[in-house]
Each structure stands twice: as structure tokens, then as C-alpha cells.
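Reviewing the structure listed below.
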Amino acid sequence: MTAIIDGKAISQKIKDELKEEVARKKAQGRSATLAVIQVGNDPASTVYVGNKKKACAYIGIESESFELPEETTQDELLEVIDRLNDDPGITGILVQLPVPAHIDEDTIIRRISPLKDVDGFHPMSVGALCIGEKGFVSCTPAGIMKLLEYSGIDVSGKECVVIGRSNIVGKPMSLLLLRANGTVTICHSKTKNLKEVASRADILVVAIGRPRMINEEYVKDGAVVIDVGIHRMEDGKLCGDVDFDRVKDKCSAITPVPGGVGPMTIAMLMYNVVSAM
Ligand code: NAD
């Protein structure tokens with residue numbers, strides 16, 4: 001029987017553990033405040049920001065919102081970040097992406113102090129991950145490692161194939177699997193024989209941004225399949241990069257969309273915020 005990995009339940013468990021840790025740290029006089037910056041009012045970003053603030057409230061930490069108008073200049077945004085970097089009361093800073101097109105995302109990511117970079121996107125955070133040092137890890141791949149851990153799936157010595165090489169998901173995912181002693185292959189849009197490479201995987205992580213592209217032909221019997229993709233289809237339903245119905249009977253475990261990887265991202269953001277406390 002295929003195990004359906006329940007990201008909702010696992011993320012709830014993590015948030016409950018964090019809530020206890022926050023209470024313990026508060027009793028020692030420590031505190032945390034997450035600054036959440038949103039530029040413009042993209043409705044999806046507003047929902048994400050709202051969910052992040054709700055999660056902060058749930059685990060018992062403060063969040064401060066900075067809602068900046070769409071026409072905010074890059075320099076104005078950098079000024080806000082500088083101020084928050086210097087503010088000892090702020091322990092984590094998050095700029096909700098994407099930012100409007102007139103602002104350079106990389107410049108913004110690089111301006112956040114690596115000590116407050118709870119999204120784990122700063123090159124210093126990525127570098128630390130690369131050489132196995134302590135630092136903030138990008139939340140979605142960190143959440144996938146927790147899903148594997150809580151589901152009792154050992155990575156050591158396994159053939160791991162990651163499809164997608166983005167800085168936010170694919171690359172840090174590969175590094176985390178490597179750190180856990182997986183034998184890691186990274187695939188991308190120029191990979192030849194994708195089906196053949198993917199179907200070598202004991203653990204297949206799919207982060208390509210193409211609805212239901214991965215079907216049973218890409219999956220080895222008994223593989224663990226982690227679907228990072230999330231797409232709203234014309235019928236209003238959500239689906240992933242994996243064709244769940246065609247793959248589910250072939251694998252040993254799979255994450256559904258919704259309710260798989262998605263809920264883990266915010267839980268791991270909270271994990272990063274608490275670790276900076
Ligand atoms: P991205 O567009 O930055 O990267 C996609 C990657 O897939 C690229 O490296 C590209 O080379 C590769 N790719 C594209 N087409 C391919 C093909 N035909 N064959 C092989 N590789 C191909 O995307 P991303 O930011 O990494 O996100 C990937 C998906 O995950 C998206 O659907 C996104 O919405 C979703 N996502 C979900 C969460 C979450 O919390 N659940 C977080 C981040 C991203």
C-alpha cells in the first residue's frame with residue numbers, strides 16, 4: 001500500500017513542538033520578532049503573508065508587517081531593510097517574493113543580514129549549506145527533509161533524483177540530500193533521457209513548475225515521490241508537477257497536492273525564526 005505523506009499533520013506537529021520551544025525560550029527572557037515586508041498588493045502574496053503572520057501568532061512570536069506601496073523604489077526598500085537589520089528587536093526579516101519588476105530581487109536578498117535571513121536565500125546562507133556549516137536553510141527543501149524524517153524514510157545511500165535546479169528549491173534540495181548521504185543527481189530542462197534518469201531514483205523530488213508532467217513512466221517501482229509543484233487549474237482545483245493518480249500505485253510513498261510539501265514551507269520558516277531567538 002502506498003503511504004500518502006501527510007504534510008498537514010507533520011507541519012502541525014512541528015508547529016506544536018516550536019510553540020513549546022518558544023515558551024521555554026521566552027521563560028529564559030528571549031524573544032523573537034519577524035519583520036514581514038510586502039511591496040504592492042498581489043493577492044497571492046497577501047494570502048502568503050497573512051498565513052505567515054498567523055503561524056507566528058500560533059507559535060507565540062511577534063510579527064511586524066511592512067506593507068509598502070507598489071511604487072516603492074528599490075532604494076526605499078533597501079532603506080527599510082537597513083533599518084530592520086540594525087534593529088536589535090527584529091530577529092528575522094522576510095521580503096515576500098516576487099517584488100515588483102522595477103526592483104531587483106537579488107539586490108534585495110543580498111541586503112538582508114545573513115543573521116536575520118530566515119528565508120535562507122542570502123548567498124552566505126546558501127554557502128553555509130554548501131559546506132555543511134550552520135545557517136538558515138531555504139524553507140521548502142528543509143521542509144521536505146522533515147517530511148522524509150517524520151515518515152521514517154532514510155536517505156543515506158539512496159539514489160536521489162531532484163528534477164529542477166532553482167536557487168530556492170532544486171539546488172538547496174540537492175545539497176540537503178547530499179548532506180544526508182544520498183547519492184544525488186540533479187536534472188533540469190536540458191537533461192537528456194529524463195525518464196531514464198528519474199526512474200533510477202529511490203527518492204524522486206520534482207520541482208519543475210509544470211502541471212502533472214511526471215507520470216508513472218518516470219518512476220521506479222517502490223520509489224518515494226515528493227511533489228513540490230503547485231498549480232491552480234482551470235477547474236479551480238490544485239495539482240502538482242506529478243500526475244498523482246497515475247503515479248500513486250507505483251510508488252511506496254508520495255506527497256499529495258495540496259497537503260504535502262506546501263504546509264511544510266511555513267512550518268520551516270517558523271523553525272528558522274525560532275532558531276534565531
Ligand atoms: P523554477 O521555475 O525557478 O525552476 C524550475 C526548474 O525546473 C528549472 O531549474 C528548470 O530547469 C526545470 N525544468 C523546467 N522544465 C523542465 C523540464 N521539462 N524537464 C526538466 N526540468 C525542467 O521553479 P521553482 O521555484 O523551483 O518551483 C518549482 C515548482 O514548485 C513550482 O510549481 C512552484 O510553484 C512550486 N513551489 C512550491 C513551493 C511550496 O511551498 N510548495 C515552494 C516553492 C516552489
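Chain identifiers are assigned as A, B, and so on, following the order in which chains appear in the C-alpha cells; residues are numbered from 1 within each chain, and ligands are numbered from 1 in order of appearance.
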Taking only residues of chain A that have an atom at most 6 Å from an atom of ligand 1, what is each one's shortest atom pair and its distance in Å to one decimal, using only C-alpha atoms and all ligand atoms, in chain and number order, as a Markdown table?
| residue | atom | partner | partner_atom_place_in_ligand_line | distance |
| --- | --- | --- | --- | --- |
| A:Thr140 | CA | ligand 1 | 40 (O) | 5.4 |
| A:Ile163 | CA | ligand 1 | 21 (N) | 5.6 |
| A:Gly164 | CA | ligand 1 | 7 (O) | 3.6 |
| A:Arg165 | CA | ligand 1 | 9 (O) | 3.6 |
| A:Ser166 | CA | ligand 1 | 3 (O) | 4.5 |
| A:Ile168 | CA | ligand 1 | 25 (O) | 5.9 |
| A:Val169 | CA | ligand 1 | 26 (O) | 4.7 |
| A:Gly170 | CA | ligand 1 | 26 (O) | 5.7 |
| A:Cys187 | CA | ligand 1 | 21 (N) | 6.0 |
| A:His188 | CA | ligand 1 | 21 (N) | 3.5 |
| A:Ser189 | CA | ligand 1 | 21 (N) | 3.6 |
| A:Ala207 | CA | ligand 1 | 28 (C) | 4.0 |
| A:Ile208 | CA | ligand 1 | 7 (O) | 3.4 |
| A:Gly209 | CA | ligand 1 | 32 (O) | 3.3 |
| A:Val228 | CA | ligand 1 | 30 (O) | 4.5 |
| A:Gly229 | CA | ligand 1 | 32 (O) | 3.4 |
| A:Ile230 | CA | ligand 1 | 32 (O) | 4.5 |
| A:Val261 | CA | ligand 1 | 41 (N) | 5.0 |
| A:Gly262 | CA | ligand 1 | 41 (N) | 3.6 |
| A:Thr265 | CA | ligand 1 | 40 (O) | 4.9 |
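Look at A:Ala32: the protein and nucleic acid residues within 9 Å of it, using only C-alpha atoms and passing over chain neighbours fewer than 5 places away, are Val22, Lys26, Ile61, Glu62, Ser63, Gly89, Ile90, Thr91, Gly92, Val273, Val274, Ala276 and Met277 of chain A.
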- request: Write out as a PyMOL selection string all residues of stretch 42-207 of chain A that DSSP puts in strand (DSSP E or B) for this structure's backbone.
  value: chain A and resi 62-68+92-95+159-163+183-187+203-206
Output C-alpha atoms for every residue in that selection, as a short mmCIF file (atom, residue, chain, number, x, y, z; two decimals), in the first residue's frame.
data_model
loop_
_atom_site.label_atom_id
_atom_site.label_comp_id
_atom_site.auth_asym_id
_atom_site.auth_seq_id
_atom_site.Cartn_x
_atom_site.Cartn_y
_atom_site.Cartn_z
CA GLU A 62 5.67 38.59 17.33
CA SER A 63 5.43 39.67 13.72
CA GLU A 64 5.64 43.19 12.36
CA SER A 65 4.17 44.00 8.95
CA PHE A 66 5.57 46.48 6.49
CA GLU A 67 3.08 46.96 3.67
CA LEU A 68 4.77 49.16 1.10
CA GLY A 92 14.12 37.75 11.34
CA ILE A 93 13.42 39.62 8.10
CA LEU A 94 11.38 38.34 5.21
CA VAL A 95 10.62 40.12 1.94
CA GLU A 159 19.64 7.15 -5.27
CA CYS A 160 18.07 10.60 -5.08
CA VAL A 161 17.00 12.44 -8.21
CA VAL A 162 15.94 16.09 -7.99
CA ILE A 163 14.20 17.49 -11.07
CA THR A 183 23.64 9.76 -4.00
CA VAL A 184 22.24 12.79 -5.75
CA THR A 185 21.51 13.53 -9.41
CA ILE A 186 20.14 16.92 -10.45
CA CYS A 187 18.00 17.14 -13.61
CA ILE A 203 13.72 9.19 -3.79
CA LEU A 204 12.41 11.44 -6.57
CA VAL A 205 11.89 15.15 -5.81
CA VAL A 206 10.03 17.05 -8.51
#
statement: Residue with the minimum atom-to-atom distance to A:Gly7, picked from A:Lys19, A:Lys53, A:Lys146, A:Arg210 with only C-alpha atoms counted, is A:Lys146
- prompt: Between atom CA of A:Ile10 and atom CA of A:Ala198, what is the distance, to one decimal in Å?
  reply: 26.4 Å
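The space between atom CA of A:Lys195 and atom CA of A:Ala142 spans 25.8 Å.
When the distance limit is 9 Å and only C-alpha atoms are what count, the residues near A:Lys250, minus those fewer than 5 positions from it on the same chain, are A:Thr2, A:Glu216, A:Val219, A:Lys220, A:Asp221, A:Gly222, A:Ala223.
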Restrict the selected residues to N, CA, C and O atoms and save them as a PDB file, in the first residue's frame.
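And here's out-v3.pdb as it stands now:
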ATOM      1  N   THR A   2       0.510   2.187  -0.844  1.00  0.00           N
ATOM      2  CA  THR A   2       1.286   3.436  -0.925  1.00  0.00           C
ATOM      3  C   THR A   2       0.976   4.319   0.283  1.00  0.00           C
ATOM      4  O   THR A   2      -0.189   4.521   0.632  1.00  0.00           O
ATOM      5  N   GLU A 216       3.825   7.819 -14.432  1.00  0.00           N
ATOM      6  CA  GLU A 216       4.431   6.570 -13.954  1.00  0.00           C
ATOM      7  C   GLU A 216       5.670   6.153 -14.755  1.00  0.00           C
ATOM      8  O   GLU A 216       6.500   5.390 -14.269  1.00  0.00           O
ATOM      9  N   VAL A 219       8.921   6.905 -12.952  1.00  0.00           N
ATOM     10  CA  VAL A 219       9.004   6.488 -11.548  1.00  0.00           C
ATOM     11  C   VAL A 219       9.323   5.000 -11.444  1.00  0.00           C
ATOM     12  O   VAL A 219       8.682   4.166 -12.095  1.00  0.00           O
ATOM     13  N   LYS A 220      10.314   4.709 -10.610  1.00  0.00           N
ATOM     14  CA  LYS A 220      10.669   3.301 -10.364  1.00  0.00           C
ATOM     15  C   LYS A 220       9.660   2.680  -9.396  1.00  0.00           C
ATOM     16  O   LYS A 220       9.163   3.364  -8.499  1.00  0.00           O
ATOM     17  N   ASP A 221       9.415   1.401  -9.539  1.00  0.00           N
ATOM     18  CA  ASP A 221       8.545   0.682  -8.594  1.00  0.00           C
ATOM     19  C   ASP A 221       9.046   0.886  -7.176  1.00  0.00           C
ATOM     20  O   ASP A 221      10.226   0.655  -6.908  1.00  0.00           O
ATOM     21  N   GLY A 222       8.185   1.325  -6.293  1.00  0.00           N
ATOM     22  CA  GLY A 222       8.557   1.435  -4.874  1.00  0.00           C
ATOM     23  C   GLY A 222       9.293   2.712  -4.511  1.00  0.00           C
ATOM     24  O   GLY A 222       9.714   2.877  -3.362  1.00  0.00           O
ATOM     25  N   ALA A 223       9.432   3.648  -5.467  1.00  0.00           N
ATOM     26  CA  ALA A 223      10.137   4.906  -5.153  1.00  0.00           C
ATOM     27  C   ALA A 223       9.307   5.774  -4.199  1.00  0.00           C
ATOM     28  O   ALA A 223       8.091   5.597  -4.069  1.00  0.00           O
TER      29      ALA A 223
END
message: Taking only C-alpha atoms into account, name the residue in A:Leu78, A:Cys239, A:Asp42, A:Phe244 that is nearest to A:Pro211.
response: A:Cys239
- request: Please run DSSP on the backbone and report, as a ChimeraX atom specification, all residues within stretch 51-150 of chain A that come out as helix (DSSP H, G or I).
  value: /A:51-59,74-86,105-111,123-130,139-150
